[in-house]
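What follows is one structure encoded as structure tokens, with my remarks underneath.
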Amino acid sequence: MSIRFDDRVAIVTGAGGGLGRQHALALGKRRAKVVVNDFGGARDGTGGSTGPAHQVADEIRAAGGEAIAAVCSVTDEAGVEDMVRSAIETWGRVDILVNNAGVLRDKTFAKMTLDDFRFVLDVHLMGAVICSKAVWEIMRAQNYGRIAMTTSSSGLYGNFGQANYGAAKLGLVGLMQTLAIEGAKYDIRVNSLAPTAATRMTEDLGGGLDLDALRPELVTPGLLHLVSENAPTRAILAAGAGGFEAAHITLTQGIYAAGPDAAEQVAARWAEVQNSDGQIIPEAGSAQGILEMTKAAKAKQGA
């Protein structure tokens, strides 16, 4: 079954280059009407230019699609509101939001300033919050919405020199989890994409890598599924070099330990705590408390 986006309106942030550009072009090719957002700044978030967003919008139109450019930072609440207003005035709705905009200010935690930490969180995490908030009521009112967060293996698993980036990227997964729950009754589906791609964001990591295999367009098919009519929700999709994998935050069955030597029990039985046999993917955060209270009740009955 072909994935198409006829009559759907999509906003793609950070779409002036790299992954965002590929996402925007692919959506446009499949008949979505696209708002191409890009602040036009450098990789570290400095500067700014109107060129990248307009160039990609021009590309979409030249290929026979419909697109408008929106030049603003995702941290600019008024600018984001204007961007969404332009989409509504032009096409009457917003169906898809791809939170892709990001910056890098990599340093070891020992050398990182708090300003650099805050700035990366502001762009990645708060930028996604601001954009999602700007479209949320629209999506609820129309009983339809698809939101994609751009997470990262750095957030899911850690990466040297990226404490700020990793914290922001895992924060996006937490945002996804709750928005997916709250949006379910309105058919708002929220997912996360963890890409591996050769872009200016990863150019310092290029030594020895097959850059052709890591073309950003090889990630975009996964994004298209995550924002399609038949999209899943609360999925974390890893994608790169033509590979697609699911990542999960799981909960093991663990152990019950109480009494004055509970800390020593946890230490002695650490392998049981970590044992993945019978682990679950919780439907909500309450699953942890339910599991723990169940173990406590069983222990009390056995006493």
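Every chain in the structure tokens has a letter given in the order shown (A, B, ...), and although residue numbers restart at 1 in each chain, ligands are simply numbered from 1 in the order shown.
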
Tell me which protein, DNA and RNA residues are within 12 Å of Gly40 of chain A, counting only C-alpha atoms, leaving out same-chain ones fewer than 5 positions away, and put them as a list in words.
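Near Gly40 of chain A, the qualifying residues are Thr13, Gly14, Ala15, Gly16, Gly17, Gly45, Thr46, Gly47, Gly48, Ser49, Thr50, Gly51, Pro52, Ala53, His54, Gln55, Val56, Ala69, Ala70, Val71, Cys72, Ser73, Val74, Ala101, Gly102 and Val103 of chain A.
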
All helix (DSSP H, G or I) positions in segment 25-214 of chain A, as a PyMOL selection string:
chain A and resi 25-29+51-62+77-91+114-142+153-157+163-186+200-205

Filtering to C-alpha atoms, could you give me those residues as a CSV table (one decimal), in the first residue's frame?
chain,number,residue,atom,x,y,z
A,25,LEU,CA,11.1,16.9,0.0
A,26,ALA,CA,9.8,13.4,0.5
A,27,LEU,CA,6.6,14.7,2.1
A,28,GLY,CA,6.1,17.1,-0.7
A,29,LYS,CA,6.7,14.4,-3.3
A,51,GLY,CA,18.1,31.2,2.4
A,52,PRO,CA,17.9,27.5,3.4
A,53,ALA,CA,14.1,27.4,4.1
A,54,HIS,CA,13.2,29.3,0.9
A,55,GLN,CA,15.5,27.1,-1.2
A,56,VAL,CA,13.9,23.9,0.0
A,57,ALA,CA,10.4,25.3,-0.4
A,58,ASP,CA,11.4,26.3,-3.9
A,59,GLU,CA,12.6,22.8,-4.6
A,60,ILE,CA,9.3,21.3,-3.5
A,61,ARG,CA,7.4,23.8,-5.7
A,62,ALA,CA,9.7,23.1,-8.7
A,77,GLU,CA,7.3,31.3,20.6
A,78,ALA,CA,5.9,34.2,18.6
A,79,GLY,CA,7.7,33.1,15.5
A,80,VAL,CA,6.3,29.6,15.9
A,81,GLU,CA,2.8,30.9,16.4
A,82,ASP,CA,3.2,32.9,13.2
A,83,MET,CA,4.4,29.9,11.4
A,84,VAL,CA,1.4,27.8,12.4
A,85,ARG,CA,-0.9,30.7,11.6
A,86,SER,CA,0.5,30.9,8.1
A,87,ALA,CA,-0.1,27.2,7.6
A,88,ILE,CA,-3.8,27.6,8.7
A,89,GLU,CA,-4.3,30.7,6.6
A,90,THR,CA,-2.8,29.0,3.6
A,91,TRP,CA,-4.2,25.5,3.8
A,114,LEU,CA,25.8,25.8,31.8
A,115,ASP,CA,24.9,28.2,29.0
A,116,ASP,CA,25.8,25.6,26.4
A,117,PHE,CA,23.9,23.0,28.3
A,118,ARG,CA,20.8,25.2,28.5
A,119,PHE,CA,20.9,26.3,24.9
A,120,VAL,CA,21.0,22.7,23.5
A,121,LEU,CA,18.1,21.8,25.8
A,122,ASP,CA,16.2,24.9,24.7
A,123,VAL,CA,16.5,24.2,21.0
A,124,HIS,CA,15.9,20.4,21.0
A,125,LEU,CA,13.6,19.9,23.9
A,126,MET,CA,11.8,23.2,24.5
A,127,GLY,CA,11.8,23.8,20.7
A,128,ALA,CA,9.8,20.6,20.3
A,129,VAL,CA,7.5,21.6,23.2
A,130,ILE,CA,6.8,25.0,21.7
A,131,CYS,CA,6.1,23.6,18.3
A,132,SER,CA,3.9,20.8,19.6
A,133,LYS,CA,2.0,23.1,21.9
A,134,ALA,CA,1.3,25.5,18.9
A,135,VAL,CA,-0.4,22.7,16.9
A,136,TRP,CA,-1.9,20.7,19.8
A,137,GLU,CA,-5.3,22.3,20.0
A,138,ILE,CA,-5.6,22.3,16.2
A,139,MET,CA,-4.9,18.6,16.1
A,140,ARG,CA,-7.4,17.9,18.9
A,141,ALA,CA,-10.1,19.9,17.2
A,142,GLN,CA,-9.7,18.1,13.9
A,153,SER,CA,21.2,7.0,20.2
A,154,SER,CA,23.2,9.6,22.2
A,155,GLY,CA,20.0,10.1,24.3
A,156,LEU,CA,19.0,6.5,24.4
A,157,TYR,CA,22.4,5.0,25.2
A,163,ALA,CA,25.7,15.4,28.0
A,164,ASN,CA,23.6,18.3,26.9
A,165,TYR,CA,22.5,16.7,23.6
A,166,GLY,CA,21.9,13.3,25.2
A,167,ALA,CA,19.8,14.8,28.0
A,168,ALA,CA,17.7,16.8,25.5
A,169,LYS,CA,17.2,13.8,23.2
A,170,LEU,CA,16.0,11.4,25.9
A,171,GLY,CA,13.8,14.2,27.2
A,172,LEU,CA,12.1,14.1,23.8
A,173,VAL,CA,11.2,10.4,24.4
A,174,GLY,CA,9.6,11.3,27.7
A,175,LEU,CA,7.6,14.0,26.0
A,176,MET,CA,6.5,11.6,23.3
A,177,GLN,CA,5.4,9.0,25.9
A,178,THR,CA,3.0,11.4,27.6
A,179,LEU,CA,1.7,13.2,24.5
A,180,ALA,CA,0.9,9.9,22.9
A,181,ILE,CA,-1.2,8.9,25.9
A,182,GLU,CA,-3.0,12.3,26.1
A,183,GLY,CA,-3.5,12.5,22.3
A,184,ALA,CA,-4.8,8.9,21.8
A,185,LYS,CA,-8.5,9.8,22.1
A,186,TYR,CA,-8.1,12.5,19.4
A,200,ARG,CA,26.6,18.6,9.1
A,201,MET,CA,25.5,17.6,12.6
A,202,THR,CA,27.7,14.5,12.4
A,203,GLU,CA,30.5,15.7,10.1
A,204,ASP,CA,33.1,15.5,12.9
A,205,LEU,CA,32.4,11.8,13.2

Pick out the residues sitting within 12 Å of Val227 of chain A, and hand them over as a PyMOL selection string; count only C-alpha atoms, and ignore anything fewer than 6 positions along from it in its own chain.
chain A and resi 3-5+8-12+23+26-27+32+95-99+144-149+187-193+220-221+233-235+237

Between atom CA of Ala231 of chain A and atom CA of Val36 of chain A, measure the distance and give it in Å to one decimal.
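That distance, rounded to one decimal, is 21.8 Å.
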
Distance criterion (only C-alpha atoms): nearest to Ala239 of chain A out of A:Ser286, A:Ala271, A:Thr294, A:Ser152
A:Ser152

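When atom CA of Asn37 of chain A is paired with atom CA of Arg93 of chain A, their separation reads 16.5 Å.
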
Contacts of Ala238 of chain A within 8 Å, only C-alpha atoms, excl. fewer than 4 positions in-chain, as a PyMOL selection string
chain A and resi 193-196+243-247

Could you tell me how far atom CA of Leu224 of chain A sits from atom CA of Phe39 of chain A, in Å to one decimal place?
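These two atoms are separated by 23.1 Å.
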